[in-house]
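Below is structure-v9.pdb, which holds PDB, C-alpha atoms, pLDDT in the B column.
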MODEL        1
ATOM      1  CA  MET A 104     -27.895  -5.037  91.886  1.00 49.00           C
ATOM      2  CA  ALA A 105     -24.433  -5.193  90.424  1.00 47.00           C
ATOM      3  CA  GLN A 106     -23.162  -1.935  89.017  1.00 50.00           C
ATOM      4  CA  LEU A 107     -22.216  -1.970  85.323  1.00 47.00           C
ATOM      5  CA  ASP A 108     -18.682  -0.935  84.633  1.00 51.00           C
ATOM      6  CA  PRO A 109     -18.546   2.393  82.853  1.00 53.00           C
ATOM      7  CA  GLN A 110     -17.360   2.315  79.223  1.00 52.00           C
ATOM      8  CA  PRO A 111     -13.628   2.967  79.014  1.00 54.00           C
ATOM      9  CA  GLN A 112     -12.848   6.439  77.730  1.00 56.00           C
ATOM     10  CA  PRO A 113     -10.203   6.874  74.998  1.00 52.00           C
ATOM     11  CA  PRO A 114      -7.024   8.517  76.143  1.00 53.00           C
ATOM     12  CA  PRO A 115      -6.830  12.229  75.535  1.00 51.00           C
ATOM     13  CA  ASP A 116      -4.399  11.887  72.602  1.00 51.00           C
ATOM     14  CA  SER A 117      -6.876   9.720  70.619  1.00 50.00           C
ATOM     15  CA  GLN A 118      -9.749  12.232  70.640  1.00 55.00           C
ATOM     16  CA  PRO A 119     -11.047  13.251  67.150  1.00 53.00           C
ATOM     17  CA  LEU A 120      -9.215  16.159  65.638  1.00 52.00           C
ATOM     18  CA  PRO A 121     -11.002  19.488  65.932  1.00 59.00           C
ATOM     19  CA  ARG A 122     -12.989  20.476  62.805  1.00 59.00           C
ATOM     20  CA  VAL A 123     -10.767  23.480  62.169  1.00 54.00           C
ATOM     21  CA  VAL A 124      -7.697  21.230  61.923  1.00 50.00           C
ATOM     22  CA  LEU A 125      -9.450  18.957  59.387  1.00 52.00           C
ATOM     23  CA  VAL A 126     -10.431  21.959  57.305  1.00 54.00           C
ATOM     24  CA  PHE A 127      -6.844  23.217  57.403  1.00 59.00           C
ATOM     25  CA  PHE A 128      -5.436  19.901  56.166  1.00 58.00           C
ATOM     26  CA  GLY A 129      -8.098  19.697  53.462  1.00 62.00           C
ATOM     27  CA  LEU A 130      -7.194  23.147  52.125  1.00 65.00           C
ATOM     28  CA  ALA A 131      -3.506  22.283  52.223  1.00 64.00           C
ATOM     29  CA  ALA A 132      -4.139  19.126  50.157  1.00 62.00           C
ATOM     30  CA  LEU A 133      -6.148  21.102  47.592  1.00 62.00           C
ATOM     31  CA  LEU A 134      -3.413  23.718  47.278  1.00 64.00           C
ATOM     32  CA  LEU A 135      -0.772  21.013  46.805  1.00 60.00           C
ATOM     33  CA  ALA A 136      -2.845  19.299  44.094  1.00 56.00           C
ATOM     34  CA  ALA A 137      -3.355  22.614  42.282  1.00 53.00           C
ATOM     35  CA  ALA A 138       0.361  23.348  42.399  1.00 53.00           C
ATOM     36  CA  LEU A 139       1.179  19.933  40.933  1.00 49.00           C
ATOM     37  CA  LEU A 140      -1.346  20.451  38.121  1.00 46.00           C
ATOM     38  CA  LEU A 141       0.095  23.858  37.260  1.00 47.00           C
ATOM     39  CA  TYR A 142       3.602  22.424  37.260  1.00 44.00           C
ATOM     40  CA  ALA A 143       2.595  19.559  34.954  1.00 41.00           C
ATOM     41  CA  TYR A 144       0.712  21.895  32.612  1.00 40.00           C
ATOM     42  CA  GLY A 145       3.708  24.212  32.440  1.00 45.00           C
ATOM     43  CA  ARG A 146       6.000  21.336  31.498  1.00 39.00           C
ATOM     44  CA  PHE A 147       3.620  20.194  28.748  1.00 37.00           C
ATOM     45  CA  ASP A 148       3.130  23.715  27.446  1.00 43.00           C
ATOM     46  CA  ASP A 149       6.894  24.292  27.300  1.00 42.00           C
ATOM     47  CA  ARG A 150       7.505  21.261  25.120  1.00 40.00           C
ATOM     48  CA  GLY A 151       7.953  21.679  21.408  1.00 42.00           C
ATOM     49  CA  GLU A 152       5.108  21.114  18.967  1.00 39.00           C
ATOM     50  CA  ALA A 153       6.619  17.889  17.701  1.00 41.00           C
ATOM     51  CA  GLU A 154       6.850  16.387  21.206  1.00 43.00           C
ATOM     52  CA  GLN A 155       3.240  17.348  21.869  1.00 39.00           C
ATOM     53  CA  LEU A 156       2.167  15.634  18.647  1.00 37.00           C
ATOM     54  CA  GLU A 157       3.891  12.434  19.750  1.00 40.00           C
ATOM     55  CA  SER A 158       1.662  12.321  22.840  1.00 37.00           C
ATOM     56  CA  ILE A 159      -1.561  12.279  20.793  1.00 33.00           C
ATOM     57  CA  PRO A 160      -3.209   8.843  20.495  1.00 35.00           C
ATOM     58  CA  ALA A 161      -3.025   7.128  17.129  1.00 36.00           C
ATOM     59  CA  PHE A 162      -6.729   7.740  16.458  1.00 34.00           C
ATOM     60  CA  SER A 163      -8.870  10.504  17.861  1.00 36.00           C
ATOM     61  CA  GLY A 164     -12.122   8.566  17.466  1.00 35.00           C
ATOM     62  CA  THR A 165     -13.845  11.449  15.717  1.00 38.00           C
ATOM     63  CA  ALA A 166     -15.429  11.609  12.284  1.00 39.00           C
ATOM     64  CA  GLU A 167     -13.052  14.357  11.248  1.00 42.00           C
ATOM     65  CA  SER A 168      -9.657  12.786  11.351  1.00 40.00           C
ATOM     66  CA  GLY A 169      -7.411  10.087  12.647  1.00 43.00           C
ATOM     67  CA  ILE A 170      -4.030  10.980  14.019  1.00 40.00           C
ATOM     68  CA  ALA A 171      -0.881   8.984  13.423  1.00 41.00           C
ATOM     69  CA  ALA A 172       2.404  10.261  14.788  1.00 43.00           C
ATOM     70  CA  VAL A 173       4.514   9.388  11.745  1.00 44.00           C
ATOM     71  CA  GLN A 174       6.060  12.866  11.552  1.00 43.00           C
ATOM     72  CA  THR A 175       8.260  14.231  14.322  1.00 50.00           C
ATOM     73  CA  ASP A 176      10.379  16.735  12.384  1.00 60.00           C
ATOM     74  CA  LEU A 177       8.142  19.602  11.291  1.00 69.00           C
ATOM     75  CA  ASP A 178      10.917  21.416   9.421  1.00 74.00           C
ATOM     76  CA  ASN A 179      11.342  21.303   5.665  1.00 85.00           C
ATOM     77  CA  LEU A 180       7.897  19.901   4.928  1.00 93.00           C
ATOM     78  CA  PRO A 181       6.684  20.622   1.381  1.00 94.00           C
ATOM     79  CA  GLU A 182       4.374  23.621   1.341  1.00 94.00           C
ATOM     80  CA  VAL A 183       2.140  25.152  -1.288  1.00 95.00           C
ATOM     81  CA  GLY A 184       4.320  26.267  -4.183  1.00 95.00           C
ATOM     82  CA  ASP A 185       7.188  23.883  -3.356  1.00 96.00           C
ATOM     83  CA  LEU A 186       8.243  21.149  -5.743  1.00 97.00           C
ATOM     84  CA  ALA A 187       6.732  17.898  -4.484  1.00 97.00           C
ATOM     85  CA  PRO A 188       9.450  15.416  -3.416  1.00 97.00           C
ATOM     86  CA  ASP A 189       9.680  12.483  -5.786  1.00 97.00           C
ATOM     87  CA  PHE A 190       9.371   8.950  -4.426  1.00 97.00           C
ATOM     88  CA  GLU A 191       9.097   5.350  -5.532  1.00 97.00           C
ATOM     89  CA  LEU A 192       6.733   2.881  -3.851  1.00 98.00           C
ATOM     90  CA  ALA A 193       5.520  -0.647  -4.401  1.00 97.00           C
ATOM     91  CA  MET A 194       2.042  -0.938  -5.869  1.00 98.00           C
ATOM     92  CA  LEU A 195      -0.627  -3.294  -4.596  1.00 96.00           C
ATOM     93  CA  ASP A 196      -0.587  -5.143  -7.925  1.00 90.00           C
ATOM     94  CA  GLY A 197       3.112  -5.905  -7.534  1.00 91.00           C
ATOM     95  CA  GLY A 198       4.659  -3.176  -9.684  1.00 94.00           C
ATOM     96  CA  THR A 199       6.327   0.054  -8.629  1.00 96.00           C
ATOM     97  CA  ALA A 200       5.421   3.673  -9.261  1.00 96.00           C
ATOM     98  CA  ARG A 201       7.190   6.992  -8.981  1.00 97.00           C
ATOM     99  CA  LEU A 202       5.510  10.336  -8.498  1.00 97.00           C
ATOM    100  CA  SER A 203       7.451  11.655 -11.481  1.00 96.00           C
ATOM    101  CA  ASP A 204       5.713   9.049 -13.678  1.00 96.00           C
ATOM    102  CA  TYR A 205       2.616  11.258 -13.517  1.00 95.00           C
ATOM    103  CA  GLN A 206       4.211  14.626 -14.190  1.00 92.00           C
ATOM    104  CA  GLY A 207       2.140  16.647 -16.634  1.00 94.00           C
ATOM    105  CA  ARG A 208      -1.176  15.844 -14.941  1.00 95.00           C
ATOM    106  CA  PRO A 209      -2.695  16.791 -11.566  1.00 97.00           C
ATOM    107  CA  VAL A 210      -1.951  14.222  -8.866  1.00 98.00           C
ATOM    108  CA  ILE A 211      -3.985  13.673  -5.703  1.00 98.00           C
ATOM    109  CA  LEU A 212      -1.897  11.955  -3.014  1.00 98.00           C
ATOM    110  CA  ASN A 213      -4.137  10.488  -0.340  1.00 98.00           C
ATOM    111  CA  PHE A 214      -2.372   9.145   2.766  1.00 98.00           C
ATOM    112  CA  TRP A 215      -4.510   6.661   4.680  1.00 98.00           C
ATOM    113  CA  ALA A 216      -4.635   3.448   6.742  1.00 98.00           C
ATOM    114  CA  THR A 217      -7.112   0.600   7.096  1.00 97.00           C
ATOM    115  CA  TRP A 218      -7.679   1.352  10.804  1.00 96.00           C
ATOM    116  CA  CYS A 219      -8.618   4.980  10.041  1.00 96.00           C
ATOM    117  CA  ALA A 220     -12.422   5.382  10.195  1.00 95.00           C
ATOM    118  CA  PRO A 221     -12.461   8.743   8.354  1.00 96.00           C
ATOM    119  CA  CYS A 222     -10.401   7.147   5.582  1.00 96.00           C
ATOM    120  CA  ARG A 223     -13.088   4.499   5.148  1.00 95.00           C
ATOM    121  CA  LEU A 224     -15.731   7.232   4.837  1.00 95.00           C
ATOM    122  CA  GLU A 225     -13.621   9.225   2.391  1.00 96.00           C
ATOM    123  CA  MET A 226     -12.484   6.486   0.018  1.00 97.00           C
ATOM    124  CA  PRO A 227     -15.772   5.966  -1.879  1.00 96.00           C
ATOM    125  CA  GLU A 228     -15.845   9.710  -2.628  1.00 96.00           C
ATOM    126  CA  LEU A 229     -12.325   9.542  -4.043  1.00 97.00           C
ATOM    127  CA  GLN A 230     -13.341   6.516  -6.096  1.00 97.00           C
ATOM    128  CA  ARG A 231     -16.314   8.395  -7.563  1.00 96.00           C
ATOM    129  CA  ALA A 232     -14.084  11.373  -8.341  1.00 97.00           C
ATOM    130  CA  GLN A 233     -11.549   9.190 -10.180  1.00 97.00           C
ATOM    131  CA  THR A 234     -14.311   7.465 -12.155  1.00 96.00           C
ATOM    132  CA  GLU A 235     -15.673  10.846 -13.247  1.00 95.00           C
ATOM    133  CA  PHE A 236     -12.204  12.144 -14.146  1.00 95.00           C
ATOM    134  CA  ASP A 237     -11.622   9.092 -16.321  1.00 94.00           C
ATOM    135  CA  ALA A 238     -15.048   9.325 -17.981  1.00 93.00           C
ATOM    136  CA  ALA A 239     -14.494  12.995 -18.824  1.00 88.00           C
ATOM    137  CA  GLY A 240     -11.037  12.328 -20.184  1.00 87.00           C
ATOM    138  CA  GLU A 241      -9.539  14.691 -17.622  1.00 78.00           C
ATOM    139  CA  GLY A 242      -6.064  14.327 -16.219  1.00 90.00           C
ATOM    140  CA  PRO A 243      -6.260  14.093 -12.404  1.00 96.00           C
ATOM    141  CA  ILE A 244      -5.226  10.802 -10.850  1.00 97.00           C
ATOM    142  CA  VAL A 245      -5.733   9.689  -7.269  1.00 98.00           C
ATOM    143  CA  LEU A 246      -2.794   7.843  -5.731  1.00 98.00           C
ATOM    144  CA  THR A 247      -3.757   6.267  -2.410  1.00 98.00           C
ATOM    145  CA  ILE A 248      -0.693   5.819  -0.211  1.00 98.00           C
ATOM    146  CA  ASN A 249      -1.238   3.355   2.604  1.00 98.00           C
ATOM    147  CA  GLU A 250       0.696   3.973   5.809  1.00 97.00           C
ATOM    148  CA  GLY A 251       2.015   0.827   7.432  1.00 95.00           C
ATOM    149  CA  ASP A 252      -0.532  -1.875   6.548  1.00 97.00           C
ATOM    150  CA  SER A 253       0.372  -5.094   4.760  1.00 96.00           C
ATOM    151  CA  ALA A 254      -0.476  -5.692   1.107  1.00 97.00           C
ATOM    152  CA  GLU A 255      -2.974  -8.330   2.255  1.00 97.00           C
ATOM    153  CA  GLN A 256      -4.743  -5.868   4.556  1.00 97.00           C
ATOM    154  CA  VAL A 257      -4.898  -3.219   1.832  1.00 98.00           C
ATOM    155  CA  GLY A 258      -6.184  -5.769  -0.711  1.00 97.00           C
ATOM    156  CA  GLU A 259      -8.923  -6.925   1.637  1.00 97.00           C
ATOM    157  CA  PHE A 260      -9.931  -3.324   2.338  1.00 97.00           C
ATOM    158  CA  PHE A 261     -10.109  -2.458  -1.363  1.00 97.00           C
ATOM    159  CA  ALA A 262     -12.182  -5.567  -2.073  1.00 97.00           C
ATOM    160  CA  GLU A 263     -14.546  -4.849   0.801  1.00 96.00           C
ATOM    161  CA  VAL A 264     -15.135  -1.204  -0.167  1.00 95.00           C
ATOM    162  CA  GLY A 265     -15.078  -1.886  -3.917  1.00 96.00           C
ATOM    163  CA  LEU A 266     -12.131   0.321  -4.839  1.00 97.00           C
ATOM    164  CA  THR A 267     -10.125   0.322  -8.057  1.00 96.00           C
ATOM    165  CA  LEU A 268      -7.938   3.314  -7.168  1.00 97.00           C
ATOM    166  CA  THR A 269      -4.178   3.104  -7.594  1.00 97.00           C
ATOM    167  CA  ALA A 270      -2.810   1.757  -4.304  1.00 98.00           C
ATOM    168  CA  LEU A 271       0.766   2.373  -3.167  1.00 98.00           C
ATOM    169  CA  LEU A 272       2.327   0.802  -0.074  1.00 98.00           C
ATOM    170  CA  ASP A 273       4.338   3.075   2.230  1.00 98.00           C
ATOM    171  CA  SER A 274       5.214   0.220   4.572  1.00 95.00           C
ATOM    172  CA  GLU A 275       7.800   2.132   6.624  1.00 94.00           C
ATOM    173  CA  GLY A 276       5.936   5.435   6.550  1.00 95.00           C
ATOM    174  CA  GLU A 277       8.888   7.201   4.934  1.00 96.00           C
ATOM    175  CA  VAL A 278       6.874   9.009   2.256  1.00 97.00           C
ATOM    176  CA  GLY A 279       4.263   9.966   4.826  1.00 97.00           C
ATOM    177  CA  THR A 280       7.029  11.408   6.980  1.00 95.00           C
ATOM    178  CA  THR A 281       8.442  13.366   4.048  1.00 96.00           C
ATOM    179  CA  TYR A 282       5.044  14.900   3.303  1.00 97.00           C
ATOM    180  CA  GLY A 283       4.091  15.518   6.954  1.00 95.00           C
ATOM    181  CA  ALA A 284       1.150  13.116   6.956  1.00 95.00           C
ATOM    182  CA  PHE A 285       0.838  13.068  10.739  1.00 90.00           C
ATOM    183  CA  PHE A 286      -2.935  13.284  10.363  1.00 90.00           C
ATOM    184  CA  LEU A 287      -4.741  10.502   8.533  1.00 96.00           C
ATOM    185  CA  PRO A 288      -6.244  11.012   6.140  1.00 97.00           C
ATOM    186  CA  THR A 289      -4.043  13.692   4.587  1.00 97.00           C
ATOM    187  CA  THR A 290      -4.432  14.730   0.966  1.00 98.00           C
ATOM    188  CA  ILE A 291      -1.789  16.571  -1.059  1.00 98.00           C
ATOM    189  CA  ILE A 292      -2.777  18.122  -4.401  1.00 98.00           C
ATOM    190  CA  ILE A 293       0.079  18.404  -6.914  1.00 97.00           C
ATOM    191  CA  GLY A 294      -0.140  20.360 -10.142  1.00 97.00           C
ATOM    192  CA  PRO A 295       0.993  19.201 -13.610  1.00 96.00           C
ATOM    193  CA  ASP A 296       4.260  21.069 -13.067  1.00 95.00           C
ATOM    194  CA  GLY A 297       5.049  18.973  -9.994  1.00 96.00           C
ATOM    195  CA  ALA A 298       4.434  21.783  -7.478  1.00 97.00           C
ATOM    196  CA  VAL A 299       2.273  21.410  -4.365  1.00 97.00           C
ATOM    197  CA  VAL A 300      -1.084  23.131  -4.863  1.00 96.00           C
ATOM    198  CA  ALA A 301      -2.782  22.293  -1.550  1.00 97.00           C
ATOM    199  CA  VAL A 302      -2.270  20.385   1.700  1.00 96.00           C
ATOM    200  CA  HIS A 303      -5.496  19.121   3.282  1.00 97.00           C
ATOM    201  CA  ARG A 304      -5.442  17.296   6.628  1.00 95.00           C
ATOM    202  CA  GLY A 305      -8.537  15.380   7.643  1.00 95.00           C
ATOM    203  CA  MET A 306     -11.438  14.163   5.527  1.00 96.00           C
ATOM    204  CA  ILE A 307     -11.816  15.851   2.161  1.00 96.00           C
ATOM    205  CA  SER A 308     -15.155  16.373   0.448  1.00 95.00           C
ATOM    206  CA  ARG A 309     -15.752  16.377  -3.289  1.00 94.00           C
ATOM    207  CA  ASP A 310     -16.434  20.117  -3.199  1.00 96.00           C
ATOM    208  CA  GLN A 311     -13.107  20.741  -1.461  1.00 96.00           C
ATOM    209  CA  LEU A 312     -11.291  18.488  -3.920  1.00 96.00           C
ATOM    210  CA  ASP A 313     -12.816  20.306  -6.894  1.00 95.00           C
ATOM    211  CA  MET A 314     -11.961  23.670  -5.343  1.00 96.00           C
ATOM    212  CA  TYR A 315      -8.298  22.679  -5.027  1.00 96.00           C
ATOM    213  CA  LEU A 316      -8.203  21.325  -8.571  1.00 95.00           C
ATOM    214  CA  ASP A 317      -9.868  24.487  -9.913  1.00 94.00           C
ATOM    215  CA  GLY A 318      -7.072  26.466  -8.303  1.00 89.00           C
ATOM    216  CA  ILE A 319      -4.436  24.825 -10.497  1.00 89.00           C
ATOM    217  CA  ALA A 320      -3.092  27.369 -12.951  1.00 70.00           C
ATOM    218  CA  PRO A 321      -3.431  26.281 -16.601  1.00 66.00           C
ATOM    219  CA  ALA A 322      -0.225  25.243 -18.314  1.00 56.00           C
ATOM    220  CA  GLU A 323       1.450  27.883 -20.415  1.00 52.00           C
ATOM    221  CA  GLY A 324       0.156  27.878 -23.979  1.00 48.00           C
ATOM    222  CA  ALA A 325      -2.991  25.988 -22.980  1.00 47.00           C
TER     223      ALA A 325
ENDMDL
END
Using structure tokens, write down the structure that the file contains.
Amino acid sequence: MAQLDPQPQPPPDSQPLPRVVLVFFGLAALLLAAALLLYAYGRFDDRGEAEQLESIPAFSGTAESGIAAVQTDLDNLPEVGDLAPDFELAMLDGGTARLSDYQGRPVILNFWATWCAPCRLEMPELQRAQTEFDAAGEGPIVLTINEGDSAEQVGEFFAEVGLTLTALLDSEGEVGTTYGAFFLPTTIIIGPDGAVVAVHRGMISRDQLDMYLDGIAPAEGA
């Protein structure tokens, strides 16, 4: 009977690596990956707050707030007690409005955008608040300041949600930048004297709105 040829054996240098060598290389790879992660984290952590904000996506996808990186300079933002910077913006109805036009009454500046889901949830509450202010003959006025959408987009949004609030168009985001509206929605409460009373980032409830308005000091002689 013919003898079968034995199976050829691999040369010595092609034998599988010993287990201890594989373990060594595996540990070395893990240590290298950990070092790279620490290095990257250190670089991120060393960056300034403004640069970190720029890396945040435009919308967080949560019910609390959207995020829009329209503010990169965090210095000189108006704070509580500061005089609110005046501005002039186009209105949705075609006119123009200045903040100073409303001096002598509380003003609620609400920065928003049509893509912002929390803004959509918040708007009907602001509409109800304005309706109640008007019915009671009280002074507060809500000025909604849209960040970056077209007049057509804003008009469609207002029609869809059933809003009659005053709508201003901050097409270039300049007013939003001035007021530090890097979170959308952001609401700024301004007193009758033109000073900032509160800065609220994220969705605002009616209770929170009333609390801020109740904190406005009465005018002298009132």
Could you write out as number ranges by chain the residues that the PyMOL selection byres ((chain A and resi 224) around 12) matches in the shown file? A: 165-169, 215-223, 225-230, 264, 288, 305-308
Spatial neighbours of Val299 in chain A, 12 Å, all atoms listed in the file, chain gap at least 2 places, as a VMD selection string: chain A and resid 180 to 189 209 to 212 282 290 to 297 301 to 303 315 to 316 318 to 320
Which residues fall under the PyMOL selection byres ((chain A and resi 253-257) around 9) in this file, as a list in words?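 With the shown file as input, the PyMOL selection byres ((chain A and resi 253-257) around 9) matches Met194, Leu195, Ala216, Thr217, Asn249, Gly251, Asp252, Gly258, Glu259, Phe260, Phe261, Ala262, Ala270, Leu272 and Ser274 of chain A.
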Please indicate the distance in Å from CA of Gly279 in chain A to CA of Gln311 in chain A, rounded to one decimal place.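 Rounded to one decimal, the two atoms are 21.4 Å apart.
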To one decimal place in Å, what is the distance between CA of Glu241 in chain A and CA of Thr281 in chain A?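 Separation between CA of Glu241 in chain A and CA of Thr281 in chain A: 28.2 Å.
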If the PyMOL selection byres ((chain A and resi 203) around 8) were run on this exact file, what residues would it hold? Put them as a PyMOL selection string. chain A and resi 189-190+201-202+204-206+297
Separation of CA of Gly197 in chain A from CA of Glu275 in chain A, in Å and rounded to one decimal: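 About the pair CA of Gly197 in chain A and CA of Glu275 in chain A: they are 16.9 Å apart.
Using only C-alpha atoms, the shortest contact distance between Glu235 in chain A and any of A:Asn179, A:Thr289, A:Met314, A:Arg309 is found at A:Arg309.
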Kindly list the centre and edge lengths in Å, rounded to one decimal, for the axis-aligned box that covers all listed atoms of range 181-186 of chain A plus 8 Å on each of its six sides, as JSON.
{"center_x": 5.2, "center_y": 23.4, "center_z": -2.2, "size_x": 22.1, "size_y": 21.6, "size_z": 23.1}
